[in-house]
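Structure data (mmCIF, C-alpha atoms) from data-v9.cif:
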data_model
loop_
_atom_site.label_atom_id
_atom_site.label_comp_id
_atom_site.auth_asym_id
_atom_site.auth_seq_id
_atom_site.Cartn_x
_atom_site.Cartn_y
_atom_site.Cartn_z
CA MET S 1 -21.32 -10.98 3.89
CA ALA S 2 -18.13 -11.65 5.87
CA VAL S 3 -16.55 -15.10 6.13
CA GLY S 4 -14.51 -15.99 9.21
CA HIS S 5 -10.76 -16.07 8.69
CA PRO S 6 -8.13 -17.50 9.01
CA LEU S 7 -8.96 -21.15 8.38
CA ALA S 8 -5.56 -22.74 8.93
CA ILE S 9 -5.99 -23.20 12.69
CA LYS S 10 -9.53 -24.58 12.49
CA THR S 11 -10.50 -28.24 12.56
CA ASP S 12 -12.44 -29.84 9.69
CA ALA S 13 -15.60 -29.71 11.78
CA GLU S 14 -15.11 -26.00 12.52
CA VAL S 15 -14.54 -25.22 8.83
CA LYS S 16 -17.74 -27.09 7.88
CA GLU S 17 -19.71 -25.15 10.49
CA LEU S 18 -18.21 -21.88 9.25
CA VAL S 19 -19.18 -22.69 5.65
CA LYS S 20 -22.69 -23.63 6.74
CA ASN S 21 -23.20 -20.35 8.60
CA SER S 22 -21.68 -18.32 5.77
CA LEU S 23 -23.97 -19.93 3.20
CA GLN S 24 -26.99 -19.10 5.36
CA ASP S 25 -25.81 -15.49 5.60
CA LEU S 26 -25.43 -15.41 1.81
CA LEU S 27 -28.93 -16.78 1.29
CA ASP S 28 -30.38 -14.23 3.73
CA GLY S 29 -28.71 -11.46 1.78
CA LEU S 30 -29.92 -12.71 -1.59
CA LEU S 31 -33.51 -13.27 -0.46
CA THR S 32 -34.02 -10.18 1.70
CA GLY S 33 -31.46 -7.72 0.37
CA ASN S 34 -29.97 -7.51 3.85
CA SER S 35 -26.86 -9.11 5.28
CA LYS S 36 -26.22 -9.83 8.93
CA ARG S 37 -23.08 -7.76 8.67
CA SER S 38 -22.80 -4.18 7.52
CA VAL S 39 -20.32 -1.35 7.46
CA SER S 40 -21.09 2.29 8.15
CA LEU S 41 -19.70 4.79 5.70
CA PRO S 42 -19.13 8.48 6.44
CA ASN S 43 -21.19 10.85 4.26
CA GLU S 44 -24.03 8.31 3.95
CA GLN S 45 -27.26 8.99 5.82
CA GLN S 46 -26.93 7.88 9.46
CA THR S 47 -28.94 8.11 12.68
CA THR S 48 -26.86 10.00 15.22
CA LYS S 49 -27.42 11.44 18.63
CA ILE S 50 -25.35 14.50 17.72
CA SER S 51 -27.29 15.30 14.55
CA LYS S 52 -29.48 18.41 14.82
CA GLU S 53 -30.90 18.14 11.31
CA LYS S 54 -30.10 15.89 8.44
CA THR S 55 -30.01 16.03 4.65
CA LEU S 56 -29.19 13.25 2.24
CA GLY S 57 -25.49 12.39 2.52
CA GLN S 58 -24.81 14.98 5.22
CA LEU S 59 -24.90 15.33 8.98
CA ARG S 60 -25.83 18.69 10.46
CA VAL S 61 -23.98 19.05 13.75
CA GLU S 62 -23.26 21.79 16.23
CA ASP S 63 -20.94 19.89 18.53
CA SER S 64 -17.29 20.55 19.30
CA PRO S 65 -14.50 19.00 17.20
CA SER S 66 -13.73 16.72 20.13
CA GLU S 67 -17.30 15.40 20.28
CA ILE S 68 -17.40 14.98 16.50
CA ASN S 69 -14.15 13.00 16.69
CA ASP S 70 -15.63 10.78 19.38
CA TYR S 71 -18.72 10.18 17.27
CA PHE S 72 -16.73 9.37 14.12
CA TYR S 73 -14.55 6.98 16.10
CA ASP S 74 -17.59 5.24 17.58
CA GLN S 75 -18.96 4.74 14.04
CA GLY S 76 -15.69 3.14 12.93
CA TRP S 77 -14.90 5.93 10.46
CA THR S 78 -11.40 6.77 11.71
CA ASP S 79 -8.08 4.98 12.09
CA GLY S 80 -7.85 5.85 15.78
CA LEU S 81 -6.11 9.18 15.25
CA PRO S 82 -8.03 12.46 15.42
CA ILE S 83 -9.59 13.63 12.17
CA ILE S 84 -10.53 16.99 10.69
CA PRO S 85 -14.35 17.13 10.73
CA PRO S 86 -15.34 17.12 7.03
CA SER S 87 -17.47 20.24 6.95
CA GLU S 88 -19.19 21.21 3.72
CA ASN S 89 -16.87 24.12 2.98
CA LEU S 90 -13.73 21.99 3.49
CA VAL S 91 -15.05 19.22 1.25
CA LEU S 92 -15.99 21.76 -1.44
CA ALA S 93 -12.50 23.26 -1.30
CA MET S 94 -11.06 19.78 -1.77
CA LEU S 95 -13.38 19.08 -4.70
CA ASN S 96 -12.47 22.37 -6.34
CA ALA S 97 -8.83 21.25 -6.44
CA GLY S 98 -9.73 18.22 -8.55
CA ARG S 99 -10.67 17.96 -12.19
CA GLN S 100 -13.64 15.60 -11.96
CA SER S 101 -17.19 16.14 -10.79
CA ARG S 102 -18.12 15.06 -7.30
CA GLU S 103 -20.47 12.36 -8.61
CA THR S 104 -17.82 10.64 -10.74
CA VAL S 105 -17.56 6.97 -9.79
CA LEU S 106 -13.97 5.73 -9.60
CA GLY S 107 -14.89 2.12 -8.88
CA ARG S 108 -15.86 -0.28 -6.11
CA MET S 109 -13.56 -0.62 -3.12
CA ALA S 110 -13.18 -4.28 -2.20
CA PRO S 111 -13.69 -6.29 -0.11
CA LEU S 112 -17.09 -4.80 0.88
CA ASN S 113 -17.38 -2.98 -2.47
CA GLY S 114 -18.36 0.49 -1.34
CA THR S 115 -18.80 2.90 -4.24
CA ALA S 116 -15.79 5.19 -4.49
CA THR S 117 -16.91 8.57 -5.80
CA VAL S 118 -14.77 11.68 -6.07
CA GLU S 119 -16.84 13.27 -3.30
CA LYS S 120 -16.34 10.37 -0.90
CA VAL S 121 -12.60 10.46 -1.53
CA ALA S 122 -12.69 14.21 -0.82
CA VAL S 123 -14.42 13.57 2.50
CA ASN S 124 -11.70 11.14 3.52
CA ALA S 125 -8.97 13.51 2.32
CA VAL S 126 -10.37 16.26 4.56
CA MET S 127 -10.55 13.84 7.49
CA ALA S 128 -6.91 12.85 6.90
CA GLY S 129 -5.77 16.49 7.11
CA CYS S 130 -4.89 17.03 3.44
CA LYS S 131 -4.53 20.46 1.94
CA PRO S 132 -6.74 20.89 -1.16
CA GLU S 133 -3.68 21.01 -3.41
CA TYR S 134 -2.87 17.43 -2.36
CA PHE S 135 -6.19 16.16 -3.68
CA PRO S 136 -5.05 15.30 -7.25
CA VAL S 137 -2.36 13.06 -5.72
CA VAL S 138 -4.91 11.38 -3.45
CA LEU S 139 -7.27 10.80 -6.38
CA ALA S 140 -4.48 9.25 -8.43
CA GLY S 141 -3.56 7.03 -5.49
CA VAL S 142 -7.15 5.84 -5.04
CA LYS S 143 -7.45 5.16 -8.77
CA ALA S 144 -4.26 3.14 -8.58
CA VAL S 145 -5.42 0.92 -5.72
CA LEU S 146 -8.68 0.36 -7.61
CA GLN S 147 -6.85 -1.08 -10.63
CA PRO S 148 -7.83 -4.77 -10.87
CA GLN S 149 -4.29 -6.16 -10.71
CA PHE S 150 -3.67 -4.39 -7.40
CA ASN S 151 -6.26 -6.70 -5.84
CA VAL S 152 -7.08 -4.29 -3.02
CA GLY S 153 -9.47 -6.68 -1.29
CA SER S 154 -6.71 -9.20 -0.68
CA ILE S 155 -4.58 -6.54 0.98
CA THR S 156 -7.25 -6.05 3.62
CA THR S 157 -8.22 -9.66 4.20
CA THR S 158 -4.79 -11.31 4.27
CA THR S 159 -3.36 -12.22 7.65
CA GLY S 160 -0.02 -11.02 6.24
CA GLY S 161 -0.69 -7.40 7.23
CA ALA S 162 -0.17 -5.78 3.83
CA ALA S 163 -0.63 -2.06 3.19
CA PRO S 164 -0.09 0.13 0.12
CA VAL S 165 3.22 1.94 -0.20
CA VAL S 166 2.61 5.14 -2.17
CA ILE S 167 5.53 6.48 -4.23
CA VAL S 168 5.29 9.88 -5.91
CA SER S 169 7.63 10.80 -8.74
CA GLY S 170 7.70 13.97 -10.81
CA PRO S 171 7.67 17.77 -10.73
CA ILE S 172 4.67 17.79 -8.38
CA VAL S 173 6.94 16.55 -5.59
CA ALA S 174 8.70 19.91 -5.28
CA LYS S 175 5.51 21.86 -5.92
CA LEU S 176 3.66 20.25 -3.00
CA GLY S 177 6.62 19.64 -0.73
CA ILE S 178 6.24 15.86 -0.67
CA HIS S 179 9.26 14.79 1.33
CA SER S 180 12.03 12.70 -0.22
CA GLY S 181 14.99 13.44 2.06
CA ALA S 182 16.11 12.67 5.61
CA ALA S 183 13.72 10.51 7.66
CA VAL S 184 11.73 9.92 4.48
CA PHE S 185 9.57 7.21 6.08
CA GLY S 186 9.18 9.12 9.35
CA SER S 187 6.97 11.77 10.85
CA GLY S 188 6.89 15.52 10.42
CA HIS S 189 5.93 15.80 6.76
CA ARG S 190 2.30 16.82 6.27
CA ALA S 191 1.99 15.95 2.59
CA ASN S 192 3.45 12.47 3.05
CA ALA S 193 1.44 11.71 6.17
CA THR S 194 -1.93 12.97 4.97
CA ILE S 195 -1.82 11.74 1.36
CA GLY S 196 -1.05 8.21 2.48
CA ARG S 197 -3.60 8.44 5.28
CA ALA S 198 -6.34 9.68 2.93
CA ILE S 199 -5.87 6.64 0.69
CA ARG S 200 -5.94 4.33 3.71
CA LEU S 201 -9.06 6.00 5.17
CA THR S 202 -10.78 5.60 1.80
CA MET S 203 -9.89 1.90 1.82
CA ARG S 204 -11.13 1.65 5.39
CA ASN S 205 -14.41 3.50 5.03
CA LEU S 206 -15.45 2.30 1.57
CA GLY S 207 -13.88 -1.15 1.58
CA GLY S 208 -14.45 -2.20 5.18
CA ALA S 209 -10.78 -2.36 6.17
CA MET S 210 -11.45 -2.56 9.92
CA VAL S 211 -10.98 -5.34 12.43
CA ASP S 212 -14.67 -5.87 13.15
CA THR S 213 -15.39 -6.53 9.48
CA MET S 214 -12.71 -7.53 6.95
CA GLU S 215 -9.31 -6.51 8.35
CA LYS S 216 -7.62 -9.81 9.22
CA SER S 217 -3.95 -8.92 9.70
CA THR S 218 -2.23 -11.01 12.33
CA HIS S 219 0.03 -8.10 13.31
CA ALA S 220 -0.09 -5.44 10.55
CA TRP S 221 2.44 -2.57 10.56
CA PRO S 222 2.34 1.25 10.71
CA GLY S 223 1.83 1.40 6.95
CA LYS S 224 -1.80 0.64 7.81
CA TYR S 225 -1.96 4.29 8.93
CA THR S 226 0.05 5.81 6.10
CA MET S 227 3.10 5.15 3.94
CA CYS S 228 3.77 7.75 1.28
CA PHE S 229 7.08 9.19 0.13
CA ALA S 230 8.68 10.81 -2.90
CA GLU S 231 11.58 9.93 -5.12
CA HIS S 232 14.60 12.19 -4.52
CA ASP S 233 15.23 13.54 -8.03
CA GLY S 234 18.04 15.83 -6.89
CA ARG S 235 20.22 12.97 -5.66
CA ASN S 236 19.22 10.27 -8.10
CA PRO S 237 22.19 9.30 -10.31
CA TRP S 238 19.93 7.59 -12.85
CA GLU S 239 16.80 8.35 -14.85
CA PRO S 240 13.80 8.83 -12.53
CA LEU S 241 11.34 6.08 -11.63
CA ARG S 242 8.64 7.60 -13.84
CA VAL S 243 10.85 7.27 -16.90
CA ASP S 244 11.79 3.71 -15.94
CA LEU S 245 8.05 2.92 -15.84
CA GLY S 246 7.47 4.38 -19.31
CA TYR S 247 6.37 7.95 -18.59
CA SER S 248 7.99 11.24 -19.58
CA SER S 249 10.30 13.06 -17.20
CA GLU S 250 7.78 15.94 -17.10
CA ALA S 251 4.97 13.68 -15.89
CA SER S 252 4.00 13.28 -12.25
CA ILE S 253 2.88 9.82 -11.20
CA VAL S 254 1.72 7.82 -8.21
CA THR S 255 2.81 4.20 -7.97
CA VAL S 256 1.35 1.89 -5.33
CA ALA S 257 2.72 -1.49 -4.31
CA ALA S 258 1.51 -3.61 -1.41
CA ALA S 259 4.08 -4.35 1.29
CA ARG S 260 4.12 -6.26 4.57
CA GLY S 261 6.69 -4.13 6.37
CA LEU S 262 10.06 -2.46 6.03
CA HIS S 263 13.62 -3.82 6.33
CA THR S 264 16.54 -1.46 6.75
CA LEU S 265 20.23 -2.16 6.26
CA MET S 266 23.53 -0.31 6.42
CA GLU S 267 26.77 -0.81 4.59
CA GLY S 268 29.57 1.52 5.61
CA THR S 269 32.55 -0.80 5.84
CA GLN S 270 33.58 -1.35 2.23
CA GLU S 271 36.65 0.66 1.19
CA SER S 272 36.56 3.28 -1.53
CA GLY S 273 36.43 1.76 -5.00
CA LYS S 274 34.64 -1.37 -3.81
CA SER S 275 31.79 0.25 -1.91
CA GLY S 276 29.22 0.10 -4.73
CA MET S 277 29.51 -3.65 -5.17
CA GLY S 278 29.67 -4.05 -1.40
CA VAL S 279 26.32 -2.28 -1.01
CA LEU S 280 24.71 -4.60 -3.55
CA GLU S 281 26.18 -7.67 -1.88
CA THR S 282 24.88 -6.58 1.52
CA LEU S 283 21.48 -5.82 0.04
CA VAL S 284 21.33 -9.33 -1.46
CA LYS S 285 22.21 -10.88 1.91
CA SER S 286 19.48 -8.85 3.59
CA MET S 287 16.87 -9.96 1.04
CA THR S 288 17.80 -13.65 1.23
CA ALA S 289 18.32 -14.05 4.99
CA GLY S 290 15.36 -15.82 6.56
CA ALA S 291 13.91 -16.52 3.12
CA CYS S 292 11.64 -19.33 4.34
CA GLY S 293 9.50 -16.75 6.16
CA ILE S 294 9.15 -14.40 3.18
CA SER S 295 5.99 -15.28 1.27
CA GLY S 296 7.31 -13.87 -1.99
CA TYR S 297 9.63 -16.81 -2.51
CA TYR S 298 6.59 -19.07 -2.78
CA TYR S 299 4.22 -16.94 -4.90
CA GLN S 300 6.25 -15.46 -7.78
CA ARG S 301 3.73 -16.40 -10.46
CA TRP S 302 1.38 -13.67 -9.24
CA GLY S 303 3.87 -10.96 -10.18
CA ALA S 304 4.24 -8.82 -7.05
CA SER S 305 6.76 -5.95 -7.03
CA TYR S 306 9.40 -5.45 -4.37
CA ILE S 307 10.42 -1.90 -3.48
CA VAL S 308 14.13 -1.25 -2.97
CA VAL S 309 14.91 2.23 -1.64
CA LEU S 310 18.56 3.20 -1.90
CA GLY S 311 19.88 6.01 0.25
CA PRO S 312 21.55 8.73 -1.86
CA GLU S 313 25.07 7.80 -0.70
CA HIS S 314 24.57 4.15 -1.54
CA ALA S 315 23.04 5.06 -4.91
CA ALA S 316 26.04 7.29 -5.75
CA GLU S 317 28.49 4.53 -4.78
CA ILE S 318 26.65 1.94 -6.89
CA ALA S 319 26.51 4.31 -9.87
CA ALA S 320 30.24 5.06 -9.50
CA ALA S 321 30.89 1.30 -9.72
CA GLY S 322 29.38 1.37 -13.23
CA PHE S 323 25.84 0.21 -12.51
CA GLY S 324 22.88 1.87 -14.19
CA ARG S 325 19.30 1.48 -12.96
CA LYS S 326 18.66 -1.52 -15.21
CA GLU S 327 21.94 -3.16 -14.22
CA VAL S 328 21.07 -2.85 -10.52
CA LYS S 329 17.71 -4.52 -11.08
CA GLN S 330 19.33 -7.24 -13.18
CA TYR S 331 21.94 -7.89 -10.48
CA LEU S 332 19.26 -8.21 -7.80
CA TYR S 333 17.16 -10.47 -10.01
CA GLU S 334 20.12 -12.79 -10.61
CA ASN S 335 21.38 -12.86 -7.02
CA VAL S 336 18.37 -12.54 -4.70
CA ARG S 337 17.80 -16.29 -4.81
CA VAL S 338 17.79 -19.18 -2.36
CA PRO S 339 17.93 -22.95 -2.90
CA VAL S 340 14.78 -25.02 -2.82
CA ALA S 341 16.21 -26.81 0.22
CA ALA S 342 15.89 -23.59 2.24
CA LEU S 343 12.19 -23.34 1.42
CA ARG S 344 11.05 -26.94 1.40
CA ASP S 345 8.39 -27.76 4.01
CA ARG S 346 8.61 -24.23 5.44
CA GLY S 347 6.59 -21.05 5.13
CA HIS S 348 4.04 -21.33 2.31
CA TRP S 349 5.54 -24.46 0.77
CA GLY S 350 2.26 -26.33 0.59
CA ALA S 351 0.54 -23.44 -1.22
CA ARG S 352 3.43 -22.36 -3.45
CA CYS S 353 2.52 -20.81 -6.79
CA TRP S 354 5.61 -21.18 -8.96
CA PRO S 355 6.17 -20.82 -12.71
CA GLY S 356 6.26 -24.11 -14.54
CA ASP S 357 10.03 -24.08 -15.10
CA PHE S 358 10.87 -23.95 -11.39
CA GLU S 359 12.45 -27.23 -10.27
CA ASP S 360 10.71 -27.84 -6.96
CA ASP S 361 11.99 -31.44 -6.89
CA ASN S 362 15.61 -30.22 -7.03
CA ASP S 363 16.96 -29.03 -3.67
CA ASP S 364 19.79 -27.17 -5.40
CA PHE S 365 17.59 -25.15 -7.74
CA MET S 366 17.98 -21.43 -6.93
CA VAL S 367 14.56 -19.84 -6.49
CA PRO S 368 14.41 -16.13 -7.45
CA LEU S 369 12.38 -13.67 -5.41
CA VAL S 370 10.87 -12.24 -8.61
CA THR S 371 10.41 -13.63 -12.10
CA HIS S 372 11.74 -10.57 -13.95
CA PRO S 373 14.06 -7.63 -13.12
CA ASP S 374 11.26 -5.16 -13.83
CA LYS S 375 9.28 -6.56 -10.90
CA ILE S 376 11.73 -4.59 -8.73
CA LEU S 377 10.82 -0.96 -8.05
CA LEU S 378 14.13 0.85 -7.53
CA VAL S 379 13.83 4.24 -5.85
CA VAL S 380 16.40 6.71 -4.51
CA ALA S 381 15.20 8.52 -1.39
CA GLY S 382 16.36 9.54 2.06
CA GLY S 383 19.08 11.71 3.55
CA ASP S 384 22.78 11.39 4.27
CA GLY S 385 24.09 8.18 5.79
CA ARG S 386 25.02 4.84 4.25
CA HIS S 387 21.64 3.20 4.75
CA SER S 388 19.08 1.64 2.40
CA SER S 389 15.77 -0.19 2.80
CA TRP S 390 13.49 -2.68 1.10
CA PHE S 391 9.82 -3.53 1.45
CA PRO S 392 8.78 -7.20 1.33
CA ALA S 393 5.79 -7.46 -0.96
CA TRP S 394 2.36 -8.90 -0.35
CA SER S 395 2.37 -11.52 -3.05
CA ALA S 396 -1.24 -11.65 -4.31
CA THR S 397 -1.02 -8.26 -5.97
CA GLN S 398 0.74 -6.32 -8.70
CA ARG S 399 1.82 -2.70 -8.60
CA ALA S 400 -0.32 0.02 -10.16
CA THR S 401 0.52 3.48 -11.49
CA GLU S 402 -1.61 6.52 -12.28
CA VAL S 403 -0.67 9.89 -13.76
CA ILE S 404 -1.53 12.80 -11.46
CA GLU S 405 -3.94 15.16 -13.21
CA THR S 406 -3.35 18.79 -12.29
#

Translate the structure of the given file into structure tokens.
Amino acid sequence: MAVGHPLAIKTDAEVKELVKNSLQDLLDGLLTGNSKRSVSLPNEQQTTKISKEKTLGQLRVEDSPSEINDYFYDQGWTDGLPIIPPSENLVLAMLNAGRQSRETVLGRMAPLNGTATVEKVAVNAVMAGCKPEYFPVVLAGVKAVLQPQFNVGSITTTTGGAAPVVIVSGPIVAKLGIHSGAAVFGSGHRANATIGRAIRLTMRNLGGAMVDTMEKSTHAWPGKYTMCFAEHDGRNPWEPLRVDLGYSSEASIVTVAAARGLHTLMEGTQESGKSGMGVLETLVKSMTAGACGISGYYYQRWGASYIVVLGPEHAAEIAAAGFGRKEVKQYLYENVRVPVAALRDRGHWGARCWPGDFEDDNDDFMVPLVTHPDKILLVVAGGDGRHSSWFPAWSATQRATEVIET
């Protein structure tokens, strides 16, 4: 069942009519086992004009890759970009690179709760263009988004346009060539592009993340296609992210956090000896400017994580100024704050979800973006140039991490 959304622009009468229709749809589903709305999933049995013969869970086709792409697009199984047709031999090669049987159930992908099996993830990984050796990373990423605190259904249904940002840290980065250097969020890196896309296609095809069912983003952003990158161990002046999150330096992990976009900044003016503090000050100004439009300032109690990606030059300058990883996070926690007066009666004020000690009746109270320094994911990545970035979080979610099994 799908409920119309958003509600904010509807009148009381329209909301009542919507609820009435939705309840009828729910009753129909409970009484008949059928809902008025459905979603087609690749690798489930389908009726198709291009099918020559059919077996359970498979389509037997003899058409060209172009015609197969057209068919998959018409079924709603793609993100609009061409896919690799998931032939049996390609799916088997993908499965052989994993450590779990094809029937293993990883969980239910909200909001439409399709069953995520290892085989279905493999199908989507083939479609995304992954090499088989990428599959353990994809599996870890899917397991991460299925963790309850990640709240994957909300990422699809929010009008805020959230998408998972996939961060890979560990020795597997070099082994697979997951890019962490220049143009780290850009094109041209197969591992980055296809790993992130495979996770998104799995969310789309098993969870119904498409505009004619449950995708309700007002605008969305290109992270809805893919957003995957690696930590740059070689130019990180501190302990790696995986160690900061409690894993060994020899481990390889995937961390996912839901974001609504990407903000970039530069700081190249501060003179030598002051540049590290100058970078932090500029970063704080970037994260507090326009605060009334950033949902995170209103929903801290849910515990979302913000991703701060320092370029290697900025990271080196901050480290030279005497800041360790924990000190950087503490500085941001203490300074990325705005007064209540800047938020009052703006943004999500009426639906704010604040901890009990926040003084919402005091216009001078400084509201932090996060409730604890460890809610900040600090990553070093990118190439040369005095630039850094941060991802504003989707607030109704918490980050999730999985170890990559190889």

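Reported to one decimal place, the separation of atom CA of S:Arg399 from atom CA of S:Gly160 is 17.1 Å.
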
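Here atom CA of S:Leu343 stands at a distance of 26.2 Å from atom CA of S:Phe150.
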
Review point. Which polymer residues, protein or nucleic acid, are no farther than 9 Å from (-8.8, -10.9, -3.2), counting all atoms listed in the file, as an MDAnalysis selection string?
Key: chainID S and resid 110:111 151:158 396:397

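Comparing S:Leu201, S:Met266, S:Ile404, S:Ala183 by their smallest distance to S:Gly98, the closest is S:Ile404 (using all atoms listed in the file).
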
Exercise for review: Find the residues with any atom within 12 Å of (16.6, 12.0, -6.7); use only C-alpha atoms and the coordinates as given in the file, and write the answer as a PyMOL selection string.
Suggested key: chain S and resi 168-171+173-174+179-181+230-242+309-313+315-316+378-383

For the selection just defined, write its residues with C-alpha atoms to a file, as a PDB file, keeping the file's coordinate frame.
ATOM      1  CA  VAL S 168       5.290   9.880  -5.910  1.00  0.00           C
ATOM      2  CA  SER S 169       7.630  10.800  -8.740  1.00  0.00           C
ATOM      3  CA  GLY S 170       7.700  13.970 -10.810  1.00  0.00           C
ATOM      4  CA  PRO S 171       7.670  17.770 -10.730  1.00  0.00           C
ATOM      5  CA  VAL S 173       6.940  16.550  -5.590  1.00  0.00           C
ATOM      6  CA  ALA S 174       8.700  19.910  -5.280  1.00  0.00           C
ATOM      7  CA  HIS S 179       9.260  14.790   1.330  1.00  0.00           C
ATOM      8  CA  SER S 180      12.030  12.700  -0.220  1.00  0.00           C
ATOM      9  CA  GLY S 181      14.990  13.440   2.060  1.00  0.00           C
ATOM     10  CA  ALA S 230       8.680  10.810  -2.900  1.00  0.00           C
ATOM     11  CA  GLU S 231      11.580   9.930  -5.120  1.00  0.00           C
ATOM     12  CA  HIS S 232      14.600  12.190  -4.520  1.00  0.00           C
ATOM     13  CA  ASP S 233      15.230  13.540  -8.030  1.00  0.00           C
ATOM     14  CA  GLY S 234      18.040  15.830  -6.890  1.00  0.00           C
ATOM     15  CA  ARG S 235      20.220  12.970  -5.660  1.00  0.00           C
ATOM     16  CA  ASN S 236      19.220  10.270  -8.100  1.00  0.00           C
ATOM     17  CA  PRO S 237      22.190   9.300 -10.310  1.00  0.00           C
ATOM     18  CA  TRP S 238      19.930   7.590 -12.850  1.00  0.00           C
ATOM     19  CA  GLU S 239      16.800   8.350 -14.850  1.00  0.00           C
ATOM     20  CA  PRO S 240      13.800   8.830 -12.530  1.00  0.00           C
ATOM     21  CA  LEU S 241      11.340   6.080 -11.630  1.00  0.00           C
ATOM     22  CA  ARG S 242       8.640   7.600 -13.840  1.00  0.00           C
ATOM     23  CA  VAL S 309      14.910   2.230  -1.640  1.00  0.00           C
ATOM     24  CA  LEU S 310      18.560   3.200  -1.900  1.00  0.00           C
ATOM     25  CA  GLY S 311      19.880   6.010   0.250  1.00  0.00           C
ATOM     26  CA  PRO S 312      21.550   8.730  -1.860  1.00  0.00           C
ATOM     27  CA  GLU S 313      25.070   7.800  -0.700  1.00  0.00           C
ATOM     28  CA  ALA S 315      23.040   5.060  -4.910  1.00  0.00           C
ATOM     29  CA  ALA S 316      26.040   7.290  -5.750  1.00  0.00           C
ATOM     30  CA  LEU S 378      14.130   0.850  -7.530  1.00  0.00           C
ATOM     31  CA  VAL S 379      13.830   4.240  -5.850  1.00  0.00           C
ATOM     32  CA  VAL S 380      16.400   6.710  -4.510  1.00  0.00           C
ATOM     33  CA  ALA S 381      15.200   8.520  -1.390  1.00  0.00           C
ATOM     34  CA  GLY S 382      16.360   9.540   2.060  1.00  0.00           C
ATOM     35  CA  GLY S 383      19.080  11.710   3.550  1.00  0.00           C
TER      36      GLY S 383
END

Exercise for review: Taking the file above as input, evaluate the PyMOL selection byres ((chain S and resi 125-138) around 9) and report the hits as an NGL selection string.
Suggested key: :S and (78 or 82-87 or 90-91 or 93-99 or 120-124 or 139-143 or 168 or 172 or 176 or 190-191 or 193-199 or 201-202 or 253-254 or 403-406)

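Interatomic distance, atom CA of S:Val61 to atom CA of S:Ala209: 26.3 Å.
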
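Every protein or nucleic acid residue with an atom no more than 7 Å from stretch 357-371 of chain S, counting only C-alpha atoms and leaving out same-chain residues fewer than 2 positions away, appears here: Gly296, Tyr297, Gln300, Tyr333, Val336, Arg337, Val338, Pro339, Val340, Ala341, Trp354, Pro355 and Lys375 of chain S.
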
Practice item. Name the residues captured by the PyMOL selection byres ((chain S and resi 258-261) around 9) when it is applied to the shown file; answer as a ChimeraX atom specification. Key: /S:150,152,155,160-166,220-223,256-257,262-263,304-307,390-399

**Study point:** Near-S:Lys274 list (9 Å; all atoms listed in the file; drop same-chain fewer than 5 positions) as a PyMOL selection string
**Key:** chain S and resi 279+317+321

Exercise for review: Please write the residues picked by the PyMOL selection byres ((chain S and resi 103) around 12) on this file as JSON, numbers by chain.
Suggested key: {"S": [95, 99, 100, 101, 102, 104, 105, 106, 107, 115, 116, 117, 118, 119, 120, 121, 122]}

Exercise for review: Find the residues near S:Cys353: any atom within 7 Å, counting only C-alpha atoms, skip ones fewer than 6 places away on the same chain, and give them as a PyMOL selection string.
Suggested key: chain S and resi 298-301

Centre and edge lengths, as JSON, for the axis-aligned box enclosing every listed atom of stretch 235-239 of chain S with 5 Å of padding on each of the six sides, in Å to one decimal?
{"center_x": 19.5, "center_y": 10.3, "center_z": -10.3, "size_x": 15.4, "size_y": 15.4, "size_z": 19.2}
